[in-house]
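Undergrad: Dropping a structure here in structure tokens format, bear with me for questions.
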Amino acid sequence: ELKVEQNPLFLSMQEGKNYTIYCNYSTTSDRLYWYRQDPGKSLESLFVLLSNGAVKQEGRLMASLDTKARLSTLHITAAVHDLSATYFCAVGGRDDKIIFGKGTRLHILP
Amino acid sequence: KAGVTQTPRYLIKTRGQQVTLSCSPISGHRSVSWYQQTPGQGLQFLFEYFSETQRNKGNFPGRFSGRQFSNSRSEMNVSTLELGDSALYLCASSLRPTLAGDEQYFGPGTRLTVT
């Protein structure tokens, strides 16, 4: 059974700092998704990673995928307050089901 | 291009009742997936429909069902509501089945409260 673990679950950081959110998963997969959710809102798609070594960047966010290590990272560069949100990773299983991590609640202090 | 729409946005029901939620995908998208989000269980996959066929279903009881119409609009139904069914129900659409790895676009959600 596919399990997805994110860490940390809570992260409070200063503006201007760099940090990384980790997403580990338990079985082979070739589909890894990152989403952002603001309080009381729906999910916004950030990245879809489909192959080993895939790297995608959008603004201050960069995501990467290592399928051999079953690990994806979401790196935040020079954080700004607007990036405060909850970030979810999700993994596509062999049975087509998409399993979400518990989310990382990110709070960026001015 | 209009986004994914869900109706109603908010709903209050009592235990034992049933409820139907609707999702209209982005034009041209044929895959619709449903998810339940609760503080305790997080985001959980309910089911996925593509071309009017259910492709798979998550670990939910038979009280949860769905369907998809020829225009790709989808409905999910929950019968005999329980307090634990209170949640935000999200639908997401994509061009192809999720197996293809297309980006999923989420609707605003339906907030269901069961009293």
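Labels used: A, B, ... for chains in the order of the structure tokens, numbers from 1 for residues in each chain, and numbers from 1 for ligands as shown.
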Near Glu48 of chain B, counting only C-alpha atoms, which residues have an atom at most 10 Å away, once you skip same-chain residues fewer than 4 positions from it, shown as a PyMOL selection string?
TA: (chain A and resi 96-98) or (chain B and resi 31-35+52-58+66-68+74+91-93+97-98)
Undergrad: Per residue of chain A within 7 Å of chain B, what are the shortest atom pair and its distance in Å to one decimal, counting only C-alpha atoms, with rows by chain and residue number, as JSON lines?
TA:
{"residue": "A:Arg31", "atom": "CA", "partner": "B:Gly101", "partner_atom": "CA", "distance": 6.0}
{"residue": "A:Lys41", "atom": "CA", "partner": "B:Pro108", "partner_atom": "CA", "distance": 6.7}
{"residue": "A:Ser42", "atom": "CA", "partner": "B:Pro108", "partner_atom": "CA", "distance": 5.0}
{"residue": "A:Leu43", "atom": "CA", "partner": "B:Phe106", "partner_atom": "CA", "distance": 5.9}
{"residue": "A:Glu44", "atom": "CA", "partner": "B:Phe106", "partner_atom": "CA", "distance": 6.9}
{"residue": "A:Ser45", "atom": "CA", "partner": "B:Tyr105", "partner_atom": "CA", "distance": 6.7}
{"residue": "A:Val48", "atom": "CA", "partner": "B:Glu103", "partner_atom": "CA", "distance": 6.4}
{"residue": "A:Leu50", "atom": "CA", "partner": "B:Gly101", "partner_atom": "CA", "distance": 6.9}
{"residue": "A:Asp96", "atom": "CA", "partner": "B:Leu99", "partner_atom": "CA", "distance": 5.5}
{"residue": "A:Lys97", "atom": "CA", "partner": "B:Phe45", "partner_atom": "CA", "distance": 6.8}
{"residue": "A:Ile98", "atom": "CA", "partner": "B:Phe45", "partner_atom": "CA", "distance": 6.4}
{"residue": "A:Ile99", "atom": "CA", "partner": "B:Phe45", "partner_atom": "CA", "distance": 6.8}
{"residue": "A:Phe100", "atom": "CA", "partner": "B:Leu43", "partner_atom": "CA", "distance": 6.1}
{"residue": "A:Lys102", "atom": "CA", "partner": "B:Gly42", "partner_atom": "CA", "distance": 5.9}
Undergrad: Next, the residues of the selection above should be written as a CSV table (one decimal), in the first residue's frame with N, CA and C atoms.
TA:
chain,number,residue,atom,x,y,z
A,31,ARG,N,4.6,9.5,-10.8
A,31,ARG,CA,3.8,10.7,-10.8
A,31,ARG,C,3.9,11.3,-9.5
A,41,LYS,N,-9.4,27.7,1.3
A,41,LYS,CA,-9.4,27.7,-0.2
A,41,LYS,C,-9.2,26.3,-0.7
A,42,SER,N,-9.3,26.2,-2.0
A,42,SER,CA,-9.0,24.9,-2.7
A,42,SER,C,-7.5,24.7,-2.9
A,43,LEU,N,-7.2,23.7,-3.7
A,43,LEU,CA,-5.8,23.4,-4.0
A,43,LEU,C,-5.4,24.0,-5.3
A,44,GLU,N,-4.2,24.5,-5.4
A,44,GLU,CA,-3.7,25.1,-6.6
A,44,GLU,C,-2.5,24.2,-7.0
A,45,SER,N,-2.5,23.8,-8.2
A,45,SER,CA,-1.4,22.9,-8.7
A,45,SER,C,-0.2,23.7,-8.9
A,48,VAL,N,4.0,19.1,-11.5
A,48,VAL,CA,3.8,17.7,-11.8
A,48,VAL,C,5.2,17.2,-12.3
A,50,LEU,N,7.3,13.8,-13.5
A,50,LEU,CA,6.9,12.5,-14.1
A,50,LEU,C,8.1,11.6,-14.3
A,96,ASP,N,-3.6,3.7,-10.0
A,96,ASP,CA,-4.2,5.0,-10.4
A,96,ASP,C,-4.6,5.9,-9.3
A,97,LYS,N,-4.7,5.5,-8.1
A,97,LYS,CA,-5.1,6.3,-7.0
A,97,LYS,C,-4.0,7.3,-6.6
A,98,ILE,N,-4.4,8.5,-6.3
A,98,ILE,CA,-3.5,9.5,-5.9
A,98,ILE,C,-3.6,9.7,-4.4
A,99,ILE,N,-2.4,9.5,-3.7
A,99,ILE,CA,-2.3,9.5,-2.3
A,99,ILE,C,-1.6,10.8,-1.9
A,100,PHE,N,-2.2,11.5,-1.0
A,100,PHE,CA,-1.7,12.8,-0.5
A,100,PHE,C,-0.9,12.6,0.8
A,102,LYS,N,0.3,14.6,4.4
A,102,LYS,CA,-0.5,15.3,5.4
A,102,LYS,C,-0.4,16.8,5.2
Undergrad: With distances taken over only C-alpha atoms, which of B:Ile26, B:Leu95, B:Ala2, B:Leu83 is nearest to Thr14 of chain B?
TA: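 Of B:Ile26, B:Leu95, B:Ala2, B:Leu83, the one nearest Thr14 of chain B, counting only C-alpha atoms, is B:Leu83.
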Undergrad: Using DSSP on the backbone, list every residue of segment 8-54 of chain A that comes out as strand (DSSP E or B), and give them as a count of residues only.
TA: 25
Undergrad: Counting only C-alpha atoms, which residue out of B:Asn59, B:Gln37, B:Ser65, B:Ser51 sits closest to Leu21 of chain B?
TA: B:Ser65
Undergrad: As a list of chain:residue names, please: the residues near Ala63 of chain A (cut-off 8 Å, only C-alpha atoms, same-chain neighbours under 4 positions excluded).
TA: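 Listed by chain and then number, they are A:Phe47, A:Val55, A:Lys56, A:Gln57, A:Ser72, A:Thr73, A:Leu74, A:His75.
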Undergrad: Between A:Ala69, A:Leu46, A:Ile76, A:Leu32, single out the one closest to Tyr19 of chain A, counting only C-alpha atoms.
TA: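 The shortest atom-to-atom distance to Tyr19 of chain A comes from A:Ile76.
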Undergrad: Between B:His29, B:Thr20, B:Thr115, B:Ile12, which has the minimum distance to Gly84 of chain B (counting only C-alpha atoms)?
TA: B:Thr115
